[in-house]
>>> print(open('run01.cif').read())   # mmCIF, C-alpha atoms
data_model
#
loop_
_atom_site.group_PDB
_atom_site.id
_atom_site.type_symbol
_atom_site.label_atom_id
_atom_site.label_comp_id
_atom_site.auth_asym_id
_atom_site.auth_seq_id
_atom_site.Cartn_x
_atom_site.Cartn_y
_atom_site.Cartn_z
ATOM 1 C CA MET D 1 -21.529 8.839 11.704
ATOM 2 C CA GLY D 2 -22.962 8.421 8.181
ATOM 3 C CA LEU D 3 -21.440 10.643 5.504
ATOM 4 C CA LYS D 4 -19.383 12.516 8.094
ATOM 5 C CA GLY D 5 -17.267 9.439 8.797
ATOM 6 C CA PHE D 6 -16.414 9.086 5.101
ATOM 7 C CA VAL D 7 -15.400 12.763 4.865
ATOM 8 C CA GLU D 8 -13.207 12.572 7.975
ATOM 9 C CA GLY D 9 -11.568 9.339 6.891
ATOM 10 C CA GLY D 10 -11.044 10.593 3.345
ATOM 11 C CA ILE D 11 -9.308 13.816 4.389
ATOM 12 C CA ALA D 12 -7.026 11.990 6.823
ATOM 13 C CA SER D 13 -6.190 9.267 4.284
ATOM 14 C CA ILE D 14 -5.273 11.693 1.497
ATOM 15 C CA VAL D 15 -3.008 13.694 3.833
ATOM 16 C CA ALA D 16 -1.309 10.501 5.067
ATOM 17 C CA GLY D 17 -0.978 8.993 1.588
ATOM 18 C CA CYS D 18 0.599 12.083 0.029
ATOM 19 C CA SER D 19 3.004 12.714 2.913
ATOM 20 C CA THR D 20 4.380 9.138 2.849
ATOM 21 C CA HIS D 21 4.274 8.549 -0.929
ATOM 22 C CA PRO D 22 8.080 8.508 -1.423
ATOM 23 C CA LEU D 23 8.418 5.747 1.195
ATOM 24 C CA ASP D 24 5.720 3.734 -0.571
ATOM 25 C CA LEU D 25 7.493 4.132 -3.919
ATOM 26 C CA ILE D 26 10.779 2.832 -2.488
ATOM 27 C CA LYS D 27 8.887 -0.102 -0.958
ATOM 28 C CA VAL D 28 7.419 -1.011 -4.361
ATOM 29 C CA ARG D 29 10.849 -0.858 -6.036
ATOM 30 C CA LEU D 30 12.320 -3.150 -3.358
ATOM 31 C CA GLN D 31 9.470 -5.637 -3.649
ATOM 32 C CA LEU D 32 10.087 -5.945 -7.392
ATOM 33 C CA GLN D 33 13.778 -6.782 -6.978
ATOM 34 C CA GLY D 34 14.654 -10.322 -7.989
ATOM 35 C CA GLU D 35 11.849 -10.851 -10.495
ATOM 36 C CA SER D 36 12.720 -12.997 -13.488
ATOM 37 C CA ALA D 37 13.112 -11.488 -16.925
ATOM 38 C CA ALA D 38 9.804 -13.049 -17.936
ATOM 39 C CA ALA D 39 7.944 -11.256 -15.214
ATOM 40 C CA ALA D 40 9.645 -7.924 -15.686
ATOM 41 C CA PRO D 41 11.523 -7.817 -19.014
ATOM 42 C CA ALA D 42 14.734 -5.840 -19.395
ATOM 43 C CA LEU D 43 14.598 -4.341 -15.925
ATOM 44 C CA ARG D 44 17.266 -1.851 -15.005
ATOM 45 C CA PRO D 45 19.495 -3.364 -12.276
ATOM 46 C CA ALA D 46 18.998 -1.825 -8.868
ATOM 47 C CA LEU D 47 22.628 -0.649 -8.783
ATOM 48 C CA ALA D 48 22.565 0.985 -12.213
ATOM 49 C CA PHE D 49 23.915 4.501 -12.607
ATOM 50 C CA PRO D 50 22.806 7.213 -15.033
ATOM 51 C CA GLY D 51 23.834 6.333 -18.574
ATOM 52 C CA SER D 52 24.530 2.684 -17.784
ATOM 53 C CA SER D 53 23.082 -0.046 -19.948
ATOM 54 C CA PRO D 54 20.512 -2.528 -18.645
ATOM 55 C CA ILE D 55 22.214 -5.786 -17.717
ATOM 56 C CA ALA D 56 20.925 -9.071 -16.440
ATOM 57 C CA ILE D 57 21.363 -9.778 -12.758
ATOM 58 C CA PRO D 58 20.870 -13.443 -11.833
ATOM 59 C CA HIS D 59 17.992 -13.296 -9.397
ATOM 60 C CA SER D 60 18.464 -16.895 -8.401
ATOM 61 C CA ASN D 61 21.840 -16.214 -6.774
ATOM 62 C CA PRO D 62 20.993 -16.053 -3.045
ATOM 63 C CA SER D 63 24.431 -14.687 -2.211
ATOM 64 C CA LEU D 64 23.903 -11.587 -4.349
ATOM 65 C CA ARG D 65 23.577 -8.624 -2.038
ATOM 66 C CA ARG D 66 20.825 -6.318 -3.198
ATOM 67 C CA PRO D 67 20.599 -2.676 -2.118
ATOM 68 C CA GLY D 68 18.437 -1.769 0.827
ATOM 69 C CA PHE D 69 16.010 1.023 1.617
ATOM 70 C CA LEU D 70 18.489 3.906 1.690
ATOM 71 C CA SER D 71 20.479 2.618 -1.293
ATOM 72 C CA VAL D 72 17.376 2.356 -3.476
ATOM 73 C CA GLY D 73 16.253 5.817 -2.422
ATOM 74 C CA ALA D 74 19.683 7.261 -3.251
ATOM 75 C CA GLN D 75 19.753 5.461 -6.607
ATOM 76 C CA ILE D 76 16.344 6.905 -7.538
ATOM 77 C CA LEU D 77 17.559 10.406 -6.677
ATOM 78 C CA ARG D 78 20.731 9.984 -8.758
ATOM 79 C CA ALA D 79 19.182 8.297 -11.776
ATOM 80 C CA GLU D 80 15.756 9.934 -11.956
ATOM 81 C CA GLY D 81 15.875 13.072 -9.843
ATOM 82 C CA PRO D 82 13.931 14.157 -6.724
ATOM 83 C CA SER D 83 10.626 14.389 -8.581
ATOM 84 C CA ALA D 84 10.769 10.637 -9.230
ATOM 85 C CA LEU D 85 10.016 10.022 -5.555
ATOM 86 C CA PHE D 86 6.542 11.399 -6.258
ATOM 87 C CA SER D 87 5.896 9.315 -9.380
ATOM 88 C CA GLY D 88 2.293 8.148 -9.271
ATOM 89 C CA ILE D 89 1.173 10.745 -6.714
ATOM 90 C CA SER D 90 -2.019 11.378 -8.703
ATOM 91 C CA ALA D 91 -2.839 7.663 -8.487
ATOM 92 C CA THR D 92 -2.186 7.749 -4.736
ATOM 93 C CA ILE D 93 -4.654 10.608 -4.310
ATOM 94 C CA LEU D 94 -7.285 8.741 -6.334
ATOM 95 C CA ARG D 95 -6.593 5.508 -4.450
ATOM 96 C CA GLN D 96 -6.964 7.161 -1.058
ATOM 97 C CA THR D 97 -10.116 8.936 -2.234
ATOM 98 C CA LEU D 98 -11.715 5.675 -3.321
ATOM 99 C CA TYR D 99 -10.197 2.945 -1.145
ATOM 100 C CA SER D 100 -9.390 4.588 2.179
ATOM 101 C CA THR D 101 -12.404 6.887 2.251
ATOM 102 C CA THR D 102 -14.652 3.860 1.772
ATOM 103 C CA ARG D 103 -12.958 1.636 4.339
ATOM 104 C CA MET D 104 -12.665 4.321 7.025
ATOM 105 C CA GLY D 105 -16.277 5.470 6.718
ATOM 106 C CA LEU D 106 -17.689 1.966 6.451
ATOM 107 C CA TYR D 107 -15.648 0.760 9.430
ATOM 108 C CA ASP D 108 -17.237 3.380 11.693
ATOM 109 C CA ILE D 109 -20.718 2.532 10.435
ATOM 110 C CA LEU D 110 -20.193 -1.198 10.968
ATOM 111 C CA LYS D 111 -18.822 -0.675 14.482
ATOM 112 C CA THR D 112 -21.940 1.283 15.382
ATOM 113 C CA LYS D 113 -24.241 -1.336 13.844
ATOM 114 C CA MET D 114 -22.455 -4.177 15.668
ATOM 115 C CA SER D 115 -22.724 -2.499 19.063
ATOM 116 C CA SER D 116 -25.732 -3.369 21.196
ATOM 117 C CA GLU D 117 -25.845 0.221 22.515
ATOM 118 C CA GLY D 118 -25.803 1.681 19.022
ATOM 119 C CA THR D 119 -22.371 3.290 19.534
ATOM 120 C CA ALA D 120 -18.863 2.103 18.703
ATOM 121 C CA ALA D 121 -17.656 2.469 22.296
ATOM 122 C CA ALA D 122 -16.229 -0.612 24.091
ATOM 123 C CA LEU D 123 -16.839 -2.922 21.127
ATOM 124 C CA PRO D 124 -15.183 -6.360 21.607
ATOM 125 C CA LEU D 125 -11.975 -6.934 19.635
ATOM 126 C CA HIS D 126 -13.421 -9.707 17.460
ATOM 127 C CA LYS D 127 -16.211 -7.389 16.299
ATOM 128 C CA LYS D 128 -13.714 -4.659 15.476
ATOM 129 C CA ILE D 129 -11.748 -7.185 13.415
ATOM 130 C CA ALA D 130 -14.927 -8.315 11.639
ATOM 131 C CA ALA D 131 -15.825 -4.703 10.844
ATOM 132 C CA GLY D 132 -12.302 -4.130 9.518
ATOM 133 C CA LEU D 133 -12.397 -7.216 7.292
ATOM 134 C CA ILE D 134 -15.685 -6.176 5.680
ATOM 135 C CA ALA D 135 -14.713 -2.512 5.292
ATOM 136 C CA GLY D 136 -11.331 -3.407 3.822
ATOM 137 C CA ALA D 137 -12.832 -5.774 1.267
ATOM 138 C CA VAL D 138 -15.372 -3.234 0.013
ATOM 139 C CA GLY D 139 -12.823 -0.417 -0.089
ATOM 140 C CA ALA D 140 -10.304 -2.501 -2.028
ATOM 141 C CA ALA D 141 -12.850 -3.545 -4.634
ATOM 142 C CA VAL D 142 -13.728 0.108 -5.212
ATOM 143 C CA GLY D 143 -10.134 1.340 -5.328
ATOM 144 C CA ASN D 144 -8.367 -1.455 -7.253
ATOM 145 C CA PRO D 145 -8.036 0.445 -10.594
ATOM 146 C CA ALA D 146 -6.214 3.288 -8.853
ATOM 147 C CA ASP D 147 -4.053 0.757 -7.010
ATOM 148 C CA VAL D 148 -2.930 -0.891 -10.265
ATOM 149 C CA ALA D 149 -2.152 2.499 -11.811
ATOM 150 C CA MET D 150 -0.201 3.586 -8.718
ATOM 151 C CA VAL D 151 1.992 0.461 -8.689
ATOM 152 C CA ARG D 152 2.785 0.787 -12.401
ATOM 153 C CA MET D 153 3.586 4.485 -12.190
ATOM 154 C CA GLN D 154 5.834 3.941 -9.176
ATOM 155 C CA ALA D 155 7.672 1.038 -10.853
ATOM 156 C CA ASP D 156 8.096 2.654 -14.277
ATOM 157 C CA GLY D 157 11.476 4.197 -13.464
ATOM 158 C CA ARG D 158 13.033 0.738 -13.089
ATOM 159 C CA LEU D 159 12.564 0.032 -16.802
ATOM 160 C CA PRO D 160 14.887 1.082 -19.616
ATOM 161 C CA ILE D 161 13.654 4.253 -21.303
ATOM 162 C CA ALA D 162 12.434 2.358 -24.388
ATOM 163 C CA ASP D 163 10.274 0.036 -22.291
ATOM 164 C CA ARG D 164 8.698 2.554 -19.929
ATOM 165 C CA ARG D 165 4.953 3.094 -20.030
ATOM 166 C CA ASN D 166 5.365 6.854 -19.475
ATOM 167 C CA TYR D 167 1.880 7.477 -18.097
ATOM 168 C CA ARG D 168 1.193 11.219 -17.905
ATOM 169 C CA GLY D 169 -1.085 10.790 -14.903
ATOM 170 C CA VAL D 170 -3.590 8.457 -13.351
ATOM 171 C CA VAL D 171 -6.291 9.188 -15.948
ATOM 172 C CA ASP D 172 -3.851 8.490 -18.795
ATOM 173 C CA ALA D 173 -2.693 5.307 -17.049
ATOM 174 C CA LEU D 174 -6.237 3.983 -16.690
ATOM 175 C CA GLY D 175 -7.050 4.901 -20.300
ATOM 176 C CA GLN D 176 -3.962 3.198 -21.731
ATOM 177 C CA MET D 177 -4.580 0.068 -19.680
ATOM 178 C CA VAL D 178 -8.159 -0.232 -20.941
ATOM 179 C CA ARG D 179 -7.147 0.365 -24.566
ATOM 180 C CA SER D 180 -4.165 -2.008 -24.625
ATOM 181 C CA GLU D 181 -5.138 -4.696 -22.112
ATOM 182 C CA GLY D 182 -8.911 -4.471 -21.771
ATOM 183 C CA LEU D 183 -11.241 -3.313 -19.023
ATOM 184 C CA GLY D 184 -10.400 -6.343 -16.898
ATOM 185 C CA SER D 185 -6.823 -5.074 -16.439
ATOM 186 C CA LEU D 186 -8.152 -2.434 -14.046
ATOM 187 C CA TRP D 187 -9.000 -5.227 -11.608
ATOM 188 C CA ARG D 188 -5.814 -7.234 -12.136
ATOM 189 C CA GLY D 189 -4.718 -8.602 -8.786
ATOM 190 C CA SER D 190 -8.044 -7.607 -7.238
ATOM 191 C CA ALA D 191 -8.237 -10.785 -5.165
ATOM 192 C CA LEU D 192 -4.846 -9.941 -3.684
ATOM 193 C CA THR D 193 -5.841 -6.320 -3.171
ATOM 194 C CA VAL D 194 -8.982 -7.375 -1.334
ATOM 195 C CA ASN D 195 -7.092 -9.884 0.827
ATOM 196 C CA ARG D 196 -4.408 -7.347 1.686
ATOM 197 C CA ALA D 197 -6.961 -4.627 2.419
ATOM 198 C CA MET D 198 -8.907 -6.951 4.716
ATOM 199 C CA ILE D 199 -5.731 -7.785 6.630
ATOM 200 C CA VAL D 200 -4.501 -4.179 6.791
ATOM 201 C CA THR D 201 -7.854 -2.656 7.740
ATOM 202 C CA ALA D 202 -8.676 -5.277 10.361
ATOM 203 C CA SER D 203 -5.217 -5.165 11.950
ATOM 204 C CA GLN D 204 -4.668 -1.418 11.630
ATOM 205 C CA LEU D 205 -8.037 0.005 12.687
ATOM 206 C CA ALA D 206 -8.821 -2.643 15.306
ATOM 207 C CA THR D 207 -5.337 -2.351 16.840
ATOM 208 C CA TYR D 208 -5.587 1.448 16.976
ATOM 209 C CA ASP D 209 -8.973 1.358 18.704
ATOM 210 C CA GLU D 210 -7.874 -1.373 21.106
ATOM 211 C CA ALA D 211 -4.553 0.311 21.964
ATOM 212 C CA LYS D 212 -6.179 3.710 22.425
ATOM 213 C CA GLU D 213 -8.849 2.269 24.723
ATOM 214 C CA ALA D 214 -6.208 0.383 26.738
ATOM 215 C CA ILE D 215 -3.972 3.442 27.173
ATOM 216 C CA ILE D 216 -6.857 5.654 28.266
ATOM 217 C CA GLY D 217 -8.607 2.939 30.294
ATOM 218 C CA ARG D 218 -5.475 2.156 32.319
ATOM 219 C CA ARG D 219 -4.801 5.873 32.751
ATOM 220 C CA LEU D 220 -1.347 5.603 31.182
ATOM 221 C CA LEU D 221 -2.018 8.761 29.175
ATOM 222 C CA PRO D 222 -4.982 11.105 28.713
ATOM 223 C CA ASP D 223 -6.885 11.222 25.438
ATOM 224 C CA GLY D 224 -4.616 13.492 23.434
ATOM 225 C CA LEU D 225 -1.784 13.630 20.895
ATOM 226 C CA PRO D 226 0.681 11.341 22.782
ATOM 227 C CA THR D 227 -2.018 8.665 23.093
ATOM 228 C CA HIS D 228 -2.934 8.952 19.411
ATOM 229 C CA VAL D 229 0.719 8.668 18.357
ATOM 230 C CA ALA D 230 1.386 5.643 20.595
ATOM 231 C CA ALA D 231 -1.744 3.789 19.456
ATOM 232 C CA SER D 232 -0.980 4.656 15.822
ATOM 233 C CA PHE D 233 2.558 3.295 16.052
ATOM 234 C CA ALA D 234 1.296 -0.012 17.440
ATOM 235 C CA ALA D 235 -1.339 -0.215 14.699
ATOM 236 C CA GLY D 236 1.215 0.462 11.948
ATOM 237 C CA LEU D 237 3.611 -2.207 13.191
ATOM 238 C CA VAL D 238 0.905 -4.877 13.447
ATOM 239 C CA ALA D 239 -0.457 -4.013 9.995
ATOM 240 C CA ALA D 240 3.011 -4.184 8.396
ATOM 241 C CA VAL D 241 3.821 -7.607 9.846
ATOM 242 C CA ALA D 242 0.452 -9.041 8.870
ATOM 243 C CA SER D 243 0.240 -7.665 5.331
ATOM 244 C CA ASN D 244 3.765 -7.723 3.864
ATOM 245 C CA PRO D 245 3.632 -11.176 2.161
ATOM 246 C CA VAL D 246 0.344 -10.380 0.433
ATOM 247 C CA ASP D 247 1.675 -6.946 -0.496
ATOM 248 C CA VAL D 248 4.749 -8.409 -2.233
ATOM 249 C CA VAL D 249 2.646 -10.783 -4.331
ATOM 250 C CA LYS D 250 0.093 -8.055 -5.107
ATOM 251 C CA THR D 251 2.807 -5.686 -6.307
ATOM 252 C CA ARG D 252 4.343 -8.273 -8.634
ATOM 253 C CA VAL D 253 1.047 -9.425 -10.135
ATOM 254 C CA MET D 254 -0.097 -5.849 -10.765
ATOM 255 C CA ASN D 255 3.224 -4.792 -12.289
ATOM 256 C CA MET D 256 3.704 -7.769 -14.636
ATOM 257 C CA ARG D 257 3.733 -7.013 -18.346
ATOM 258 C CA VAL D 258 1.176 -9.051 -20.288
ATOM 259 C CA GLU D 259 1.715 -9.222 -24.054
ATOM 260 C CA LYS D 260 -0.801 -10.480 -26.574
ATOM 261 C CA GLY D 261 -0.110 -14.006 -27.736
ATOM 262 C CA LYS D 262 2.173 -14.775 -24.808
ATOM 263 C CA ALA D 263 1.449 -16.485 -21.510
ATOM 264 C CA PRO D 264 1.462 -14.090 -18.522
ATOM 265 C CA PRO D 265 4.461 -14.352 -16.168
ATOM 266 C CA TYR D 266 2.115 -15.361 -13.341
ATOM 267 C CA THR D 267 -1.184 -17.175 -13.747
ATOM 268 C CA GLY D 268 -2.383 -15.985 -10.371
ATOM 269 C CA ALA D 269 -1.465 -15.325 -6.756
ATOM 270 C CA ILE D 270 -0.522 -18.908 -5.895
ATOM 271 C CA ASP D 271 1.656 -19.202 -8.980
ATOM 272 C CA CYS D 272 3.393 -15.947 -8.049
ATOM 273 C CA VAL D 273 4.033 -17.182 -4.495
ATOM 274 C CA VAL D 274 5.443 -20.508 -5.753
ATOM 275 C CA LYS D 275 7.737 -18.900 -8.349
ATOM 276 C CA THR D 276 8.907 -16.209 -5.934
ATOM 277 C CA VAL D 277 9.726 -18.642 -3.118
ATOM 278 C CA LYS D 278 11.351 -21.136 -5.524
ATOM 279 C CA ALA D 279 13.574 -18.496 -7.125
ATOM 280 C CA GLU D 280 14.336 -16.264 -4.154
ATOM 281 C CA GLY D 281 13.517 -18.189 -0.991
ATOM 282 C CA PRO D 282 10.639 -17.820 1.507
ATOM 283 C CA MET D 283 11.994 -14.587 2.980
ATOM 284 C CA ALA D 284 11.336 -12.943 -0.387
ATOM 285 C CA LEU D 285 7.736 -12.608 0.818
ATOM 286 C CA TYR D 286 9.057 -10.151 3.393
ATOM 287 C CA LYS D 287 11.074 -8.247 0.823
ATOM 288 C CA GLY D 288 10.675 -4.545 1.425
ATOM 289 C CA PHE D 289 9.656 -5.116 5.058
ATOM 290 C CA ILE D 290 11.866 -2.325 6.430
ATOM 291 C CA PRO D 291 10.396 0.278 4.073
ATOM 292 C CA THR D 292 6.958 -1.213 4.684
ATOM 293 C CA VAL D 293 7.372 -0.555 8.409
ATOM 294 C CA SER D 294 9.073 2.760 7.664
ATOM 295 C CA ARG D 295 6.103 3.743 5.532
ATOM 296 C CA GLN D 296 3.308 2.040 7.469
ATOM 297 C CA GLY D 297 4.417 3.586 10.769
ATOM 298 C CA PRO D 298 4.447 7.230 9.609
ATOM 299 C CA PHE D 299 1.387 6.663 7.416
ATOM 300 C CA THR D 300 -0.631 5.265 10.301
ATOM 301 C CA ILE D 301 0.524 7.986 12.693
ATOM 302 C CA VAL D 302 -0.314 10.767 10.231
ATOM 303 C CA LEU D 303 -3.603 9.029 9.374
ATOM 304 C CA PHE D 304 -4.956 8.752 12.903
ATOM 305 C CA VAL D 305 -3.509 11.999 14.262
ATOM 306 C CA THR D 306 -5.057 13.841 11.308
ATOM 307 C CA LEU D 307 -8.296 11.897 11.741
ATOM 308 C CA GLU D 308 -8.574 12.879 15.401
ATOM 309 C CA GLN D 309 -7.926 16.533 14.532
ATOM 310 C CA VAL D 310 -10.472 16.506 11.704
ATOM 311 C CA ARG D 311 -13.021 14.905 14.045
ATOM 312 C CA SER D 312 -12.429 17.707 16.542
ATOM 313 C CA LEU D 313 -12.942 20.341 13.845
ATOM 314 C CA LEU D 314 -16.102 18.695 12.504
ATOM 315 C CA LYS D 315 -17.634 17.602 15.813
ATOM 316 C CA GLU D 316 -20.244 20.374 15.645
ATOM 317 C CA PHE D 317 -21.448 19.280 12.213
#
>>> encode(input="run01.cif", output="structure tokens")
Amino acid sequence: MGLKGFVEGGIASIVAGCSTHPLDLIKVRLQLQGESAAAAPALRPALAFPGSSPIAIPHSNPSLRRPGFLSVGAQILRAEGPSALFSGISATILRQTLYSTTRMGLYDILKTKMSSEGTAAALPLHKKIAAGLIAGAVGAAVGNPADVAMVRMQADGRLPIADRRNYRGVVDALGQMVRSEGLGSLWRGSALTVNRAMIVTASQLATYDEAKEAIIGRRLLPDGLPTHVAASFAAGLVAAVASNPVDVVKTRVMNMRVEKGKAPPYTGAIDCVVKTVKAEGPMALYKGFIPTVSRQGPFTIVLFVTLEQVRSLLKEF
């Protein structure tokens, strides 16, 4: 595979990331609901309308009904306009270029190296999972700066106008973060990013390979578009279930506002988990699960269907 695997994976990842970006943005907004004022100061309430003033919503009230996937999407359209659904798209492109290109290409290389025949065919499931864990970790470490920028750009519309960061693009976001918070801010939440990427890559890629092999091996469907879609759907569902808790914590740690001279809202991942569960209950770790599935399913389908098509086009190279 070599360089070819990185090119194929990169093209497929960028297409999938851009086409499902609005779903990812809504997921991020939902995951940030319920944060305390210390973690996200002066946040606009999720049910705010254009021209309304920011008000405090008691996040600790478990009976408070918060808007769901469709409600948040509609509120974004009303308050910020259709273009807001693509806030942070430049960061998504950079993230997919760095993170997903690395993990997809490295996964194929590792599968080949782990196979006794020197090919990735019929590799045992545990080896596929091991390859996914390693590839995900390396990809996440490379792509973390773009991930932080993407989360912040997607979440910016929740803030009152005076408190918004107003990044002009991913390059501006990275530059402002380095100038105001230091170089280390680009790897804020990197441990969480790596953990999530390991879980997503191992579950997503291994499940796709395993499901595809099972469908073809049992002659349920031939190797073609229906098989790719079915295997992709299974992979997306497994990845969403496995990664959502880590994704919630990652989003909150990356989005927190750190001011000089003040203690950060969260001291780390464990502290974020404890404060989130204490304030909002254990199911808060599955906040945004519906949009996660709604995004992870289409993303995974587009990813692997595009990947298979790109492989067909580049098979002679």
>>> closest_residue(input="run01.cif", among="D:Ala279, D:Leu125, D:Ile270, D:Leu313", to="Thr207 in chain D", atoms="all atoms listed in the file")
D:Leu125
>>> atom_distance(input="run01.cif", atom1="CA of Lys111 in chain D", atom2="CA of Ile129 in chain D")
9.7 Å
>>> closest_residue(input="run01.cif", among="D:Ile215, D:Ser13, D:Asn244, D:Ala284", to="Thr227 in chain D", atoms="all atoms listed in the file")
D:Ile215
>>> closest_residue(input="run01.cif", among="D:Lys262, D:Arg103, D:Lys4, D:His126", to="Lys315 in chain D", atoms="all atoms listed in the file")
D:Lys4
>>> residues_around(input="run01.cif", residues="range 17-34 of chain D", least_positions_apart="6", cutoff="7 Å", atoms="only C-alpha atoms", output="list in words")
His59, Phe69, Val72, Gly73, Leu85, Phe86, Ile89, Thr92, Ile93, Gln96, Gln154, Ala155, Val248, Thr251, Arg252, Lys287, Gly288, Pro291, Thr292, Arg295 and Phe299 of chain D
>>> decode(input="run01.cif", residues="range 123-130 of chain D", atoms="all heavy atoms", output="mmCIF file, in the first residue's frame")
data_model
loop_
_atom_site.group_PDB
_atom_site.id
_atom_site.type_symbol
_atom_site.label_atom_id
_atom_site.label_comp_id
_atom_site.auth_asym_id
_atom_site.auth_seq_id
_atom_site.Cartn_x
_atom_site.Cartn_y
_atom_site.Cartn_z
ATOM 1 N N LEU D 123 -7.152 -11.281 8.090
ATOM 2 C CA LEU D 123 -6.432 -10.989 9.326
ATOM 3 C C LEU D 123 -7.382 -11.207 10.506
ATOM 4 O O LEU D 123 -8.545 -10.787 10.452
ATOM 5 C CB LEU D 123 -5.946 -9.537 9.304
ATOM 6 C CG LEU D 123 -4.887 -9.139 10.336
ATOM 7 C CD1 LEU D 123 -3.560 -9.824 10.030
ATOM 8 C CD2 LEU D 123 -4.706 -7.630 10.340
ATOM 9 N N PRO D 124 -6.942 -11.860 11.584
ATOM 10 C CA PRO D 124 -7.814 -12.074 12.749
ATOM 11 C C PRO D 124 -8.310 -10.746 13.331
ATOM 12 O O PRO D 124 -7.624 -9.725 13.234
ATOM 13 C CB PRO D 124 -6.903 -12.803 13.734
ATOM 14 C CG PRO D 124 -5.841 -13.426 12.892
ATOM 15 C CD PRO D 124 -5.629 -12.492 11.748
ATOM 16 N N LEU D 125 -9.482 -10.780 13.956
ATOM 17 C CA LEU D 125 -10.099 -9.563 14.475
ATOM 18 C C LEU D 125 -9.203 -8.845 15.483
ATOM 19 O O LEU D 125 -9.099 -7.609 15.451
ATOM 20 C CB LEU D 125 -11.454 -9.899 15.120
ATOM 21 C CG LEU D 125 -12.194 -8.727 15.764
ATOM 22 C CD1 LEU D 125 -12.484 -7.642 14.734
ATOM 23 C CD2 LEU D 125 -13.486 -9.211 16.422
ATOM 24 N N HIS D 126 -8.547 -9.604 16.372
ATOM 25 C CA HIS D 126 -7.744 -8.941 17.404
ATOM 26 C C HIS D 126 -6.559 -8.180 16.802
ATOM 27 O O HIS D 126 -6.126 -7.154 17.338
ATOM 28 C CB HIS D 126 -7.258 -9.967 18.445
ATOM 29 C CG HIS D 126 -6.226 -10.930 17.938
ATOM 30 N ND1 HIS D 126 -6.553 -12.076 17.228
ATOM 31 C CD2 HIS D 126 -4.868 -10.924 18.049
ATOM 32 C CE1 HIS D 126 -5.456 -12.723 16.923
ATOM 33 N NE2 HIS D 126 -4.413 -12.045 17.408
ATOM 34 N N LYS D 127 -6.052 -8.661 15.670
ATOM 35 C CA LYS D 127 -4.963 -7.940 15.002
ATOM 36 C C LYS D 127 -5.478 -6.689 14.299
ATOM 37 O O LYS D 127 -4.781 -5.668 14.243
ATOM 38 C CB LYS D 127 -4.254 -8.865 14.010
ATOM 39 C CG LYS D 127 -3.431 -9.970 14.678
ATOM 40 C CD LYS D 127 -2.580 -10.726 13.680
ATOM 41 C CE LYS D 127 -1.710 -11.770 14.369
ATOM 42 N NZ LYS D 127 -0.836 -12.500 13.416
ATOM 43 N N LYS D 128 -6.687 -6.776 13.761
ATOM 44 C CA LYS D 128 -7.288 -5.578 13.163
ATOM 45 C C LYS D 128 -7.508 -4.511 14.233
ATOM 46 O O LYS D 128 -7.263 -3.315 14.002
ATOM 47 C CB LYS D 128 -8.624 -5.932 12.508
ATOM 48 C CG LYS D 128 -8.511 -6.841 11.301
ATOM 49 C CD LYS D 128 -9.893 -7.254 10.820
ATOM 50 C CE LYS D 128 -9.801 -8.270 9.689
ATOM 51 N NZ LYS D 128 -11.109 -8.839 9.330
ATOM 52 N N ILE D 129 -7.969 -4.937 15.404
ATOM 53 C CA ILE D 129 -8.192 -3.989 16.503
ATOM 54 C C ILE D 129 -6.869 -3.372 16.946
ATOM 55 O O ILE D 129 -6.781 -2.155 17.173
ATOM 56 C CB ILE D 129 -8.886 -4.692 17.692
ATOM 57 C CG1 ILE D 129 -10.309 -5.096 17.289
ATOM 58 C CG2 ILE D 129 -8.903 -3.795 18.925
ATOM 59 C CD1 ILE D 129 -11.041 -5.914 18.332
ATOM 60 N N ALA D 130 -5.828 -4.196 17.045
ATOM 61 C CA ALA D 130 -4.507 -3.686 17.434
ATOM 62 C C ALA D 130 -3.993 -2.669 16.417
ATOM 63 O O ALA D 130 -3.465 -1.605 16.789
ATOM 64 C CB ALA D 130 -3.524 -4.846 17.572
#
